$ cat work24.csv   # CSV, C-alpha atoms
chain,number,residue,atom,x,y,z
S,206,MET,CA,-44.9,155.0,86.0
S,207,SER,CA,-43.4,151.9,84.5
S,208,ARG,CA,-41.6,151.9,81.2
S,209,PRO,CA,-43.7,152.5,78.1
S,210,GLU,CA,-42.7,149.3,76.5
S,211,LEU,CA,-44.2,147.4,79.4
S,212,GLN,CA,-47.6,149.1,79.2
S,213,ALA,CA,-48.8,148.3,75.7
S,214,PRO,CA,-47.4,147.3,72.3
S,215,PRO,CA,-46.0,150.3,70.4
S,216,GLU,CA,-48.7,150.6,67.9
S,217,PHE,CA,-51.2,151.1,70.7
S,218,TYR,CA,-49.1,153.0,73.1
S,219,TYR,CA,-48.3,155.6,70.5
S,220,GLY,CA,-51.9,156.4,69.7
S,221,ASP,CA,-53.1,159.8,68.5
S,222,THR,CA,-52.7,161.6,71.8
S,223,GLU,CA,-49.4,160.1,72.8
S,224,ALA,CA,-48.0,160.6,69.3
S,225,LYS,CA,-48.8,164.3,69.5
S,226,LYS,CA,-47.5,164.6,73.1
S,227,TYR,CA,-44.3,162.8,72.1
S,228,THR,CA,-43.6,165.1,69.2
S,229,THR,CA,-44.6,168.4,70.7
S,230,ASN,CA,-42.7,168.0,74.0
S,231,THR,CA,-39.7,170.3,73.6
S,232,ARG,CA,-37.6,168.4,76.1
S,233,ASN,CA,-38.2,165.2,74.2
S,234,GLN,CA,-37.4,166.9,71.0
S,235,GLN,CA,-34.1,168.0,72.4
S,236,ILE,CA,-33.2,164.6,73.7
S,237,GLN,CA,-34.1,162.9,70.4
S,238,ALA,CA,-32.1,165.5,68.5
S,239,ASP,CA,-29.0,165.0,70.6
S,240,MET,CA,-29.2,161.3,70.3
S,241,THR,CA,-29.7,161.5,66.5
S,242,TYR,CA,-26.6,163.7,66.1
S,243,ARG,CA,-24.6,161.3,68.3
S,244,ALA,CA,-25.9,158.3,66.3
S,245,LEU,CA,-24.9,160.0,63.1
S,246,GLU,CA,-21.5,160.7,64.6
S,247,LEU,CA,-21.1,157.0,65.5
S,248,LEU,CA,-22.3,156.1,62.0
S,249,ASN,CA,-19.2,157.8,60.8
S,250,ILE,CA,-20.1,158.5,57.3
S,251,PRO,CA,-17.4,160.3,55.4
S,252,SER,CA,-18.7,163.8,54.8
S,253,SER,CA,-19.6,164.9,51.3
S,254,GLN,CA,-20.6,161.3,50.4
S,255,PRO,CA,-24.2,161.2,49.4
S,256,VAL,CA,-25.8,158.2,51.1
S,257,PHE,CA,-29.1,156.5,51.5
S,258,LEU,CA,-30.1,155.7,55.1
S,259,LEU,CA,-32.7,153.6,56.9
S,260,ASP,CA,-34.3,155.1,60.0
S,261,ILE,CA,-35.7,152.2,62.0
S,262,GLY,CA,-38.6,153.2,64.1
S,263,CYS,CA,-38.7,156.7,62.6
S,264,GLY,CA,-41.9,157.6,64.5
S,265,SER,CA,-43.0,161.1,63.9
S,266,GLY,CA,-39.9,162.1,62.1
S,267,LEU,CA,-38.0,163.8,64.9
S,268,SER,CA,-34.8,162.0,63.8
S,269,GLY,CA,-35.8,162.2,60.1
S,270,GLU,CA,-35.9,166.0,60.3
S,271,ILE,CA,-32.3,166.0,61.3
S,272,LEU,CA,-31.4,163.6,58.5
S,273,ASP,CA,-33.2,166.0,56.1
S,274,GLU,CA,-31.2,168.9,57.5
S,275,GLU,CA,-28.0,167.1,57.1
S,276,GLY,CA,-28.8,166.3,53.5
S,277,TYR,CA,-29.3,162.6,53.7
S,278,VAL,CA,-31.8,160.7,51.6
S,279,TRP,CA,-33.6,158.3,53.8
S,280,ALA,CA,-36.5,155.8,54.3
S,281,GLY,CA,-38.1,155.2,57.6
S,282,VAL,CA,-40.2,152.4,59.1
S,283,ASP,CA,-42.4,152.4,62.1
S,284,ILE,CA,-45.2,150.3,63.5
S,285,ALA,CA,-47.4,153.1,64.9
S,286,PRO,CA,-49.8,154.6,62.3
S,287,SER,CA,-50.5,157.6,64.5
S,288,MET,CA,-46.8,158.5,64.7
S,289,LEU,CA,-46.5,158.1,60.9
S,290,GLN,CA,-49.5,160.4,60.5
S,291,VAL,CA,-47.7,163.0,62.5
S,292,ALA,CA,-44.6,162.5,60.4
S,293,LEU,CA,-46.7,163.1,57.2
S,294,GLU,CA,-48.1,166.3,58.7
S,295,ARG,CA,-44.6,167.5,59.5
S,296,GLU,CA,-43.7,166.9,55.9
S,297,VAL,CA,-40.4,165.0,56.3
S,298,ASP,CA,-38.7,164.1,53.1
S,299,GLY,CA,-38.1,160.4,53.7
S,300,ASP,CA,-40.2,157.5,52.5
S,301,LEU,CA,-42.4,156.1,55.3
S,302,PHE,CA,-43.4,152.5,55.8
S,303,LEU,CA,-45.8,151.0,58.2
S,304,GLN,CA,-43.8,147.9,59.2
S,305,ASP,CA,-43.2,145.7,62.2
S,306,ILE,CA,-39.4,145.4,62.4
S,307,GLY,CA,-39.8,142.1,64.3
S,308,GLN,CA,-41.2,140.6,61.1
S,309,GLY,CA,-38.1,141.5,59.1
S,310,PHE,CA,-37.5,143.7,56.2
S,311,GLY,CA,-38.1,143.0,52.5
S,312,PHE,CA,-35.3,145.3,51.2
S,313,ARG,CA,-33.0,143.9,48.6
S,314,PRO,CA,-29.4,143.1,49.6
S,315,GLY,CA,-27.1,146.0,49.8
S,316,SER,CA,-29.9,148.7,49.7
S,317,PHE,CA,-28.7,151.0,52.4
S,318,ASP,CA,-25.5,152.8,53.3
S,319,GLY,CA,-26.3,152.7,57.0
S,320,ALA,CA,-29.1,152.5,59.5
S,321,ILE,CA,-30.0,154.5,62.6
S,322,SER,CA,-32.6,153.8,65.2
S,323,ILE,CA,-33.4,156.0,68.2
S,324,SER,CA,-35.2,154.5,71.3
S,325,VAL,CA,-36.6,151.5,69.5
S,326,LEU,CA,-34.9,148.2,70.3
S,327,GLN,CA,-36.4,147.9,73.8
S,328,TRP,CA,-39.8,147.5,72.1
S,329,LEU,CA,-38.7,144.2,70.6
S,330,LEU,CA,-38.1,142.7,74.0
S,331,ASN,CA,-41.7,141.9,74.9
S,332,ALA,CA,-43.8,139.1,73.6
S,333,GLU,CA,-47.3,140.2,72.6
S,334,THR,CA,-48.7,136.7,71.9
S,335,SER,CA,-47.7,133.2,72.7
S,336,HIS,CA,-47.1,132.4,69.1
S,337,PRO,CA,-43.5,131.3,68.5
S,338,THR,CA,-43.0,134.1,65.9
S,339,SER,CA,-43.8,136.5,68.7
S,340,SER,CA,-41.0,135.6,71.1
S,341,PRO,CA,-38.3,138.3,71.5
S,342,PRO,CA,-35.3,136.2,70.4
S,343,TYR,CA,-37.2,135.1,67.3
S,344,ARG,CA,-38.2,138.6,66.4
S,345,LEU,CA,-34.7,140.0,67.1
S,346,ASN,CA,-33.2,137.3,65.0
S,347,ARG,CA,-35.5,138.0,62.1
S,348,PHE,CA,-34.9,141.7,62.5
S,349,PHE,CA,-31.1,141.5,62.5
S,350,THR,CA,-30.7,138.9,59.8
S,351,THR,CA,-32.9,140.8,57.3
S,352,LEU,CA,-31.3,144.1,58.3
S,353,TYR,CA,-27.8,142.6,57.8
S,354,SER,CA,-28.6,141.7,54.2
S,355,ALA,CA,-30.3,145.1,53.5
S,356,LEU,CA,-27.1,146.9,54.4
S,357,ARG,CA,-24.1,147.4,52.1
S,358,ASN,CA,-20.6,146.1,52.8
S,359,PRO,CA,-19.0,148.0,54.5
S,360,SER,CA,-21.5,150.0,56.5
S,361,ARG,CA,-22.7,150.6,60.0
S,362,ALA,CA,-25.9,150.5,62.0
S,363,VAL,CA,-26.3,152.5,65.2
S,364,PHE,CA,-29.1,151.8,67.6
S,365,GLN,CA,-29.8,153.9,70.7
S,366,PHE,CA,-32.0,152.0,73.1
S,367,TYR,CA,-33.0,151.8,76.8
S,368,PRO,CA,-32.1,148.3,78.1
S,369,SER,CA,-33.6,147.5,81.5
S,370,SER,CA,-30.9,145.0,82.4
S,371,ASP,CA,-27.5,143.7,81.4
S,372,ASP,CA,-29.2,140.5,80.3
S,373,GLN,CA,-31.1,142.4,77.6
S,374,ILE,CA,-27.9,143.9,76.3
S,375,GLN,CA,-26.4,140.4,76.3
S,376,LEU,CA,-29.4,139.0,74.4
S,377,ILE,CA,-29.4,141.7,71.8
S,378,THR,CA,-25.7,141.7,71.1
S,379,SER,CA,-25.5,137.9,70.9
S,380,ILE,CA,-28.3,137.7,68.3
S,381,ALA,CA,-26.8,140.6,66.3
S,382,GLN,CA,-23.5,138.8,66.3
S,383,LYS,CA,-25.1,135.5,65.1
S,384,ALA,CA,-26.7,137.5,62.3
S,385,GLY,CA,-23.2,138.4,61.1
S,386,PHE,CA,-22.7,141.9,62.6
S,387,GLY,CA,-19.5,142.9,64.3
S,388,GLY,CA,-19.3,145.7,66.8
S,389,GLY,CA,-20.8,146.1,70.3
S,390,VAL,CA,-22.2,148.4,72.8
S,391,VAL,CA,-21.0,152.0,73.4
S,392,VAL,CA,-22.1,153.7,76.6
S,393,ASP,CA,-22.1,157.5,76.9
S,394,TYR,CA,-21.8,159.0,80.4
S,395,PRO,CA,-21.8,155.6,82.1
S,396,ASN,CA,-21.6,157.2,85.6
S,397,SER,CA,-24.5,159.5,85.2
S,398,LYS,CA,-28.1,158.6,86.0
S,399,LYS,CA,-29.8,160.9,83.6
S,400,ALA,CA,-27.4,161.4,80.8
S,401,LYS,CA,-26.4,157.8,80.4
S,402,LYS,CA,-27.1,156.6,76.9
S,403,VAL,CA,-26.6,153.1,75.5
S,404,PHE,CA,-25.7,152.8,71.8
S,405,LEU,CA,-25.4,149.5,70.0
S,406,CYS,CA,-22.9,150.1,67.2
S,407,LEU,CA,-22.9,147.3,64.6
S,408,PHE,CA,-20.6,146.9,61.6
S,409,VAL,CA,-21.3,145.0,58.4
S,410,GLY,CA,-18.0,143.6,57.0
S,411,SER,CA,-15.7,144.9,59.7
S,412,GLY,CA,-12.5,143.3,58.2
S,413,GLY,CA,-10.4,144.6,61.0
S,414,GLY,CA,-10.7,148.1,59.6
S,415,GLN,CA,-13.5,149.2,61.9
S,416,GLN,CA,-13.0,149.9,65.6
S,417,LEU,CA,-15.6,150.3,68.2
S,418,PRO,CA,-15.9,154.0,69.1
S,419,LYS,CA,-15.4,155.2,72.6
S,420,GLY,CA,-18.3,156.4,74.7
S,421,LEU,CA,-18.4,159.9,75.9
S,422,GLU,CA,-17.0,160.4,79.4
S,423,GLY,CA,-17.2,163.0,82.1
S,424,GLU,CA,-20.0,164.7,84.0
S,425,GLU,CA,-22.8,166.1,82.1
S,426,ASP,CA,-23.6,169.6,83.3
S,427,ASP,CA,-27.1,169.9,82.0
S,428,HIS,CA,-29.1,169.2,85.1
S,429,VAL,CA,-31.6,171.7,86.3
S,430,ARG,CA,-29.9,174.6,88.1
S,431,PHE,CA,-30.7,175.6,91.7
S,432,GLU,CA,-32.5,172.3,92.2
S,433,ARG,CA,-30.4,171.4,95.3
S,434,ARG,CA,-30.9,174.8,96.9
S,435,ARG,CA,-34.6,174.5,96.4
S,436,GLU,CA,-34.6,171.1,98.0
S,437,LYS,CA,-32.8,172.5,101.0
S,438,GLU,CA,-35.2,175.4,101.3
S,439,LYS,CA,-38.1,173.1,101.2
S,440,ARG,CA,-36.7,170.9,103.9
S,441,ARG,CA,-36.3,173.8,106.3
S,442,ASP,CA,-39.9,174.9,105.7
S,443,ARG,CA,-41.1,171.5,106.5
S,444,THR,CA,-39.5,171.5,110.0
S,445,GLY,CA,-41.6,174.5,110.9
S,446,LYS,CA,-38.8,176.5,112.4
S,447,ARG,CA,-39.0,179.2,109.9
S,448,LYS,CA,-41.9,181.6,110.3
S,449,GLY,CA,-41.2,184.3,107.9
S,450,VAL,CA,-43.5,187.2,108.8
S,451,LYS,CA,-43.8,189.0,112.1
S,452,ASP,CA,-47.6,188.9,112.3
S,453,LYS,CA,-49.9,190.7,114.7
S,454,ALA,CA,-49.9,188.0,117.3
S,455,TRP,CA,-46.1,188.2,117.5
S,456,ILE,CA,-46.1,191.9,117.9
S,457,LEU,CA,-48.8,191.8,120.6
S,458,LYS,CA,-46.9,189.2,122.5
S,459,LYS,CA,-43.7,191.3,122.4
S,460,LYS,CA,-45.5,194.4,123.6
S,461,GLU,CA,-47.0,192.5,126.4
S,462,LEU,CA,-43.6,191.3,127.4
S,463,TYR,CA,-42.1,194.8,127.4
S,464,ARG,CA,-44.9,196.1,129.5
S,465,GLN,CA,-44.4,193.4,132.1
S,466,ARG,CA,-40.8,194.3,132.3
S,467,GLY,CA,-41.8,197.9,132.9
S,468,LYS,CA,-40.3,199.3,129.7
S,469,GLU,CA,-41.3,202.9,128.9
S,470,GLY,CA,-42.9,204.1,125.7
S,471,VAL,CA,-44.5,200.9,124.6
S,472,PRO,CA,-47.1,201.9,122.0
S,473,ARG,CA,-50.7,201.1,122.9
S,474,ASP,CA,-52.6,198.4,121.1
S,475,SER,CA,-55.2,199.6,118.5
S,476,LYS,CA,-56.8,198.4,115.4
S,477,TYR,CA,-53.8,199.7,113.5
S,478,THR,CA,-51.3,197.4,115.3
S,479,GLY,CA,-49.4,195.2,113.0
S,480,ARG,CA,-51.0,196.7,109.9
S,481,LYS,CA,-49.1,197.6,106.8
S,482,ARG,CA,-48.9,201.3,106.0
S,483,LYS,CA,-50.5,202.6,102.9
S,484,SER,CA,-48.1,202.9,100.0
S,485,ILE,CA,-48.6,206.7,100.0
S,486,PHE,CA,-46.2,207.0,102.9
I,563,MET,CA,-44.5,158.5,50.5
I,564,VAL,CA,-43.1,155.8,48.3
I,565,ARG,CA,-40.6,157.1,45.8
I,566,LEU,CA,-39.5,154.8,43.0
I,567,ILE,CA,-36.1,154.6,44.6
I,568,THR,CA,-37.5,152.7,47.5
I,569,HIS,CA,-39.9,150.8,45.3
I,570,ASN,CA,-36.9,149.6,43.4
I,571,LEU,CA,-35.2,148.3,46.6
I,572,LEU,CA,-38.3,146.6,48.0
I,573,ALA,CA,-39.0,142.9,47.6
I,574,CYS,CA,-41.7,140.8,49.1
I,575,HIS,CA,-40.8,139.4,52.6
I,576,VAL,CA,-43.6,136.9,53.1
I,577,LYS,CA,-42.5,133.5,54.5
I,578,GLY,CA,-41.2,131.2,51.8
I,579,CYS,CA,-41.5,133.8,49.1
I,580,THR,CA,-37.9,133.9,48.1
I,581,SER,CA,-37.8,133.8,44.3
I,582,ASN,CA,-39.4,136.0,41.7
I,583,ASN,CA,-40.5,138.3,44.6
I,584,PHE,CA,-39.2,141.4,42.9
I,585,PRO,CA,-40.3,143.9,41.6
I,586,LEU,CA,-43.6,144.4,43.3
I,587,ALA,CA,-46.2,145.2,40.7
I,588,LEU,CA,-47.9,148.6,41.1
I,589,LYS,CA,-51.6,148.6,41.0
I,590,ASP,CA,-54.1,151.5,40.7
I,591,VAL,CA,-51.5,154.0,41.7
I,592,GLN,CA,-52.0,157.7,42.1
I,593,ILE,CA,-48.8,159.8,42.0
I,594,GLU,CA,-47.8,163.2,43.2
I,595,LEU,CA,-44.8,165.2,42.0
I,596,GLN,CA,-42.6,166.9,44.6
I,597,GLU,CA,-39.5,168.7,43.6
I,598,ALA,CA,-36.3,167.5,45.3
I,599,GLU,CA,-32.8,168.9,45.1
I,600,PHE,CA,-30.7,167.5,42.3
I,601,ASN,CA,-27.6,165.8,43.5
I,602,PRO,CA,-25.8,164.1,40.6
I,603,GLU,CA,-23.4,162.3,43.0
I,604,PHE,CA,-26.2,160.7,44.9
I,605,VAL,CA,-27.7,159.4,41.7
I,606,THR,CA,-24.5,158.0,40.4
I,607,ASN,CA,-23.8,156.5,43.8
I,608,ILE,CA,-27.2,154.7,44.0
I,609,LEU,CA,-27.1,153.5,40.4
I,610,PRO,CA,-25.3,150.2,40.9
I,611,ARG,CA,-27.9,149.2,43.5
I,612,LEU,CA,-30.8,149.7,41.1
I,613,GLU,CA,-32.4,147.1,38.9
I,614,TRP,CA,-32.7,149.2,35.7
I,615,SER,CA,-35.4,147.3,33.8
I,616,ALA,CA,-37.6,147.2,36.9
I,617,LEU,CA,-37.1,150.9,37.4
I,618,ALA,CA,-37.9,151.7,33.7
I,619,ASP,CA,-41.0,149.5,33.9
I,620,ALA,CA,-42.2,151.1,37.1
I,621,ALA,CA,-41.6,154.6,35.7
I,622,ARG,CA,-43.6,153.7,32.6
I,623,GLN,CA,-46.4,152.4,34.8
I,624,VAL,CA,-46.7,155.7,36.5
I,625,GLY,CA,-46.6,157.5,33.2
I,626,ASP,CA,-43.0,158.6,32.8
I,627,THR,CA,-41.3,157.5,29.7
I,628,SER,CA,-38.0,159.4,30.0
I,629,LEU,CA,-35.9,156.3,30.8
I,630,PRO,CA,-34.8,153.9,28.0
I,631,ALA,CA,-35.7,150.3,28.5
I,632,GLU,CA,-32.0,149.2,28.6
I,633,GLN,CA,-29.4,150.7,30.8
I,634,PRO,CA,-27.3,153.0,28.6
I,635,GLU,CA,-23.5,152.5,29.0
I,636,MET,CA,-22.7,156.2,29.3
I,637,MET,CA,-24.5,158.5,31.7
I,638,ASP,CA,-24.9,162.0,30.5
I,639,ASP,CA,-26.3,165.0,32.4
I,640,ASP,CA,-29.7,164.8,30.8
I,641,LEU,CA,-30.1,161.2,31.7
I,642,LEU,CA,-29.0,161.8,35.3
I,643,ARG,CA,-31.6,164.5,35.6
I,644,ASN,CA,-34.3,162.2,34.2
I,645,LEU,CA,-33.1,159.5,36.6
I,646,HIS,CA,-33.2,161.9,39.5
I,647,HIS,CA,-36.8,162.9,38.6
I,648,VAL,CA,-37.9,159.3,38.4
I,649,LEU,CA,-36.2,158.2,41.5
I,650,LEU,CA,-36.8,161.1,43.9
I,651,GLU,CA,-39.6,163.3,42.7
I,652,ILE,CA,-42.3,160.8,41.8
I,653,HIS,CA,-44.2,159.9,45.0
I,654,ILE,CA,-46.9,157.2,45.0
I,655,VAL,CA,-49.7,158.3,47.2
I,656,GLU,CA,-52.4,155.8,46.8
I,657,GLY,CA,-52.6,152.3,45.3
I,658,ALA,CA,-51.1,149.0,46.1
I,659,MET,CA,-48.0,146.9,45.5
I,660,VAL,CA,-48.5,143.2,44.6
I,661,CYS,CA,-45.9,140.5,44.9
I,662,PRO,CA,-45.5,138.8,41.5
I,663,ASN,CA,-44.9,135.4,43.2
I,664,CYS,CA,-47.2,135.0,46.2
I,665,LYS,CA,-49.7,137.8,45.2
I,666,HIS,CA,-49.5,139.4,48.7
I,667,ILE,CA,-51.0,142.8,48.4
I,668,TYR,CA,-49.2,145.7,50.2
I,669,PRO,CA,-51.8,148.5,50.2
I,670,ILE,CA,-50.6,152.1,50.0
I,671,SER,CA,-52.8,154.7,51.6
I,672,ASN,CA,-52.0,158.3,52.2
I,673,GLY,CA,-48.5,157.7,51.0
I,674,ILE,CA,-47.7,155.0,53.5
I,675,PRO,CA,-47.5,151.4,52.4
I,676,ASN,CA,-48.7,148.9,54.9
I,677,MET,CA,-45.9,146.2,55.1
I,678,LEU,CA,-47.4,144.3,58.0
I,679,LEU,CA,-47.8,140.6,57.6
I,680,ALA,CA,-50.3,138.1,59.1
I,681,GLU,CA,-48.9,135.7,61.6
I,682,HIS,CA,-48.7,132.7,59.2
I,683,GLU,CA,-46.7,134.9,56.7
I,684,ILE,CA,-43.9,135.7,59.1
I,685,GLY,CA,-40.7,134.1,58.0
$ encode --input "work24.csv" --output "structure tokens"
Amino acid sequence: MSRPELQAPPEFYYGDTEAKKYTTNTRNQQIQADMTYRALELLNIPSSQPVFLLDIGCGSGLSGEILDEEGYVWAGVDIAPSMLQVALEREVDGDLFLQDIGQGFGFRPGSFDGAISISVLQWLLNAETSHPTSSPPYRLNRFFTTLYSALRNPSRAVFQFYPSSDDQIQLITSIAQKAGFGGGVVVDYPNSKKAKKVFLCLFVGSGGGQQLPKGLEGEEDDHVRFERRREKEKRRDRTGKRKGVKDKAWILKKKELYRQRGKEGVPRDSKYTGRKRKSIF
Amino acid sequence: MVRLITHNLLACHVKGCTSNNFPLALKDVQIELQEAEFNPEFVTNILPRLEWSALADAARQVGDTSLPAEQPEMMDDDLLRNLHHVLLEIHIVEGAMVCPNCKHIYPISNGIPNMLLAEHEIG
């Protein structure tokens, strides 16, 4: 299966069924929650400070729920109406907007204390029409410049996204820097296939005071257990060497062999040969 | 749900619409009240970002007259509570927001405003 962003534009890809699936899948919920907590950590908001956040691509409110739990006041934008509908049903506290982030925001300067965005930016990297306003660099530029002005100074914006190549990371960071942002890319678990996560960590008004956080290192230990042993077992089965049960044919063959060798007391064959005893024995 | 706090931060973002594009006028709105936890620090923190007259106007349009037209110099507890109510507890469920400059209409249905632009309106 190819990446979702290559299949259809987000507002169509996340239709009613996909929106439900996306939100009810517990594995997906877990991943989204982990990434939201990590993004909040990277956002580095001093605790006890009451802030107003923007959730870019809030979707069905999986990340919004966590913002609610943590006591943040927030507003969210998303382009998929079905996802927003699910968010309404889940009764998240934030304000929801149906908005194409590639068209830019209309928020007044300095509106938000920070922004997070989970698994969204890669959707901006595909052109849907040949119109010039639909080209990825144009949309990214519009997005980052309007976001930059909507954020307070100083503040941060953290984006988790799935780039498919280094060129994409390059493109996104260069446009963000042109829009005025400082900061860069933070990669968690860079050596792991599954747990690797790319965060774009942008600063408004760095002023030398803000340093790019370090990505998490080390091996993740959350892969499925016994998977390797199961693989090995399967491989042995496939070679056909292992026949687990001693069936009737095998028993008859052995008895025949013993008789030929002249062994005494070999039981005679009957309809009971190789049958299982009743459990009453 | 559009609360008045976000309405107060929202300007029109149609191409070329850069002046007089705030505040978006509310039209035929239906509101819903939902209680929210009162956090005086949040209200004082957000206060410098708000446009007071626009907020008071918007509040009056949805039928809440607890805010004075001018921003008072001193904030007392009652006023903070009123402000909290106006900002975070009034939700606009149906209606529309209209840009005072270019007259672009942002319809609100089921609590979600549609901020999508046509191709020729993208800045």
$ interface_residues --input "work24.csv" --of "chain I" --to "chain S" --cutoff "6 Å" --atoms "all atoms listed in the file" --output "list in words"
Met563, Val564, Leu571, Leu572, Ala573, Cys574, His575, Phe604, Ile674, Pro675, Asn676, Met677, Leu678 and Ile684 of chain I
$ atom_distance --input "work24.csv" --atom1 "atom CA of I:Ala631" --atom2 "atom CA of I:Ala616"
9.2 Å
$ residues_around --input "work24.csv" --residues "stretch 471-484 of chain S" --least-positions-apart "5" --cutoff "8 Å" --atoms "all atoms listed in the file" --output "tab-separated table (two decimals) with C-alpha atoms, in the frame of the given file"
chain	number	residue	atom	x	y	z
S	452	ASP	CA	-47.60	188.90	112.30
S	453	LYS	CA	-49.90	190.70	114.70
S	456	ILE	CA	-46.10	191.90	117.90
S	457	LEU	CA	-48.80	191.80	120.60
S	460	LYS	CA	-45.50	194.40	123.60
S	463	TYR	CA	-42.10	194.80	127.40
S	464	ARG	CA	-44.90	196.10	129.50
$ atom_distance --input "work24.csv" --atom1 "atom CA of S:Asn358" --atom2 "atom CA of I:Leu645"
24.5 Å
$ closest_residue --input "work24.csv" --among "I:Val655, I:Leu566, I:Val576, I:Leu642" --to "I:Pro602" --atoms "all atoms listed in the file"
I:Leu642
$ closest_residue --input "work24.csv" --among "S:Ala332, S:Cys263, S:Ile323, S:Leu272" --to "S:Ile236" --atoms "all atoms listed in the file"
S:Ile323
$ closest_residue --input "work24.csv" --among "I:Asn607, I:Ser628, I:Ser581, I:Gln592" --to "I:Ser671" --atoms "all atoms listed in the file"
I:Gln592
$ residues_around --input "work24.csv" --residues "S:Thr229" --least-positions-apart "5" --cutoff "12 Å" --atoms "only C-alpha atoms" --output "CSV table (one decimal) with C-alpha atoms, in the coordinates of the input"
chain,number,residue,atom,x,y,z
S,222,THR,CA,-52.7,161.6,71.8
S,223,GLU,CA,-49.4,160.1,72.8
S,224,ALA,CA,-48.0,160.6,69.3
S,234,GLN,CA,-37.4,166.9,71.0
S,235,GLN,CA,-34.1,168.0,72.4
S,237,GLN,CA,-34.1,162.9,70.4
S,265,SER,CA,-43.0,161.1,63.9
S,266,GLY,CA,-39.9,162.1,62.1
S,267,LEU,CA,-38.0,163.8,64.9
S,288,MET,CA,-46.8,158.5,64.7
S,291,VAL,CA,-47.7,163.0,62.5
S,292,ALA,CA,-44.6,162.5,60.4
S,295,ARG,CA,-44.6,167.5,59.5
$ residues_near_point --input "work24.csv" --point "(-37.0, 164.9, 48.0)" --cutoff "7 Å" --atoms "all atoms listed in the file" --output "list in words"
Asp298 of chain S; Gln596, Glu597, Ala598, Glu599, Leu650 and Glu651 of chain I
$ residues_around --input "work24.csv" --residues "S:Leu245" --least-positions-apart "4" --cutoff "12 Å" --atoms "all atoms listed in the file" --output "mmCIF file with C-alpha atoms, in the frame of the given file"
data_model
loop_
_atom_site.group_PDB
_atom_site.id
_atom_site.type_symbol
_atom_site.label_atom_id
_atom_site.label_comp_id
_atom_site.auth_asym_id
_atom_site.auth_seq_id
_atom_site.Cartn_x
_atom_site.Cartn_y
_atom_site.Cartn_z
ATOM 1 C CA ALA S 238 -32.100 165.500 68.500
ATOM 2 C CA ASP S 239 -29.000 165.000 70.600
ATOM 3 C CA MET S 240 -29.200 161.300 70.300
ATOM 4 C CA THR S 241 -29.700 161.500 66.500
ATOM 5 C CA ASN S 249 -19.200 157.800 60.800
ATOM 6 C CA ILE S 250 -20.100 158.500 57.300
ATOM 7 C CA PRO S 251 -17.400 160.300 55.400
ATOM 8 C CA SER S 252 -18.700 163.800 54.800
ATOM 9 C CA LEU S 258 -30.100 155.700 55.100
ATOM 10 C CA LEU S 259 -32.700 153.600 56.900
ATOM 11 C CA ASP S 260 -34.300 155.100 60.000
ATOM 12 C CA SER S 268 -34.800 162.000 63.800
ATOM 13 C CA GLY S 269 -35.800 162.200 60.100
ATOM 14 C CA ILE S 271 -32.300 166.000 61.300
ATOM 15 C CA LEU S 272 -31.400 163.600 58.500
ATOM 16 C CA GLU S 275 -28.000 167.100 57.100
ATOM 17 C CA TYR S 277 -29.300 162.600 53.700
ATOM 18 C CA GLY S 319 -26.300 152.700 57.000
ATOM 19 C CA ALA S 320 -29.100 152.500 59.500
ATOM 20 C CA ILE S 321 -30.000 154.500 62.600
ATOM 21 C CA SER S 322 -32.600 153.800 65.200
ATOM 22 C CA ILE S 323 -33.400 156.000 68.200
ATOM 23 C CA ARG S 361 -22.700 150.600 60.000
ATOM 24 C CA ALA S 362 -25.900 150.500 62.000
ATOM 25 C CA VAL S 363 -26.300 152.500 65.200
ATOM 26 C CA PHE S 364 -29.100 151.800 67.600
ATOM 27 C CA GLN S 365 -29.800 153.900 70.700
ATOM 28 C CA PHE S 404 -25.700 152.800 71.800
ATOM 29 C CA CYS S 406 -22.900 150.100 67.200
#
$ closest_residue --input "work24.csv" --among "I:His682, I:Ile567, I:Ile670, I:Thr627" --to "I:Arg611" --atoms "all atoms listed in the file"
I:Ile567
$ atom_distance --input "work24.csv" --atom1 "atom CA of S:Ala381" --atom2 "atom CA of S:Phe408"
10.0 Å
$ residues_around --input "work24.csv" --residues "I:Pro585" --least-positions-apart "4" --cutoff "10 Å" --atoms "all atoms listed in the file" --output "MDAnalysis selection string"
chainID I and resid 569:574 613 615:617 619:620 659:663
$ residues_around --input "work24.csv" --residues "stretch 389-399 of chain S" --least-positions-apart "5" --cutoff "10 Å" --atoms "only C-alpha atoms" --output "tab-separated table (two decimals) with C-alpha atoms, in the coordinates of the input"
chain	number	residue	atom	x	y	z
S	243	ARG	CA	-24.60	161.30	68.30
S	247	LEU	CA	-21.10	157.00	65.50
S	363	VAL	CA	-26.30	152.50	65.20
S	364	PHE	CA	-29.10	151.80	67.60
S	365	GLN	CA	-29.80	153.90	70.70
S	374	ILE	CA	-27.90	143.90	76.30
S	375	GLN	CA	-26.40	140.40	76.30
S	377	ILE	CA	-29.40	141.70	71.80
S	378	THR	CA	-25.70	141.70	71.10
S	379	SER	CA	-25.50	137.90	70.90
S	381	ALA	CA	-26.80	140.60	66.30
S	382	GLN	CA	-23.50	138.80	66.30
S	404	PHE	CA	-25.70	152.80	71.80
S	405	LEU	CA	-25.40	149.50	70.00
S	406	CYS	CA	-22.90	150.10	67.20
S	407	LEU	CA	-22.90	147.30	64.60
S	408	PHE	CA	-20.60	146.90	61.60
S	416	GLN	CA	-13.00	149.90	65.60
S	417	LEU	CA	-15.60	150.30	68.20
S	418	PRO	CA	-15.90	154.00	69.10
S	419	LYS	CA	-15.40	155.20	72.60
S	420	GLY	CA	-18.30	156.40	74.70
S	421	LEU	CA	-18.40	159.90	75.90
S	422	GLU	CA	-17.00	160.40	79.40
S	423	GLY	CA	-17.20	163.00	82.10
S	424	GLU	CA	-20.00	164.70	84.00
S	425	GLU	CA	-22.80	166.10	82.10
S	427	ASP	CA	-27.10	169.90	82.00
S	428	HIS	CA	-29.10	169.20	85.10
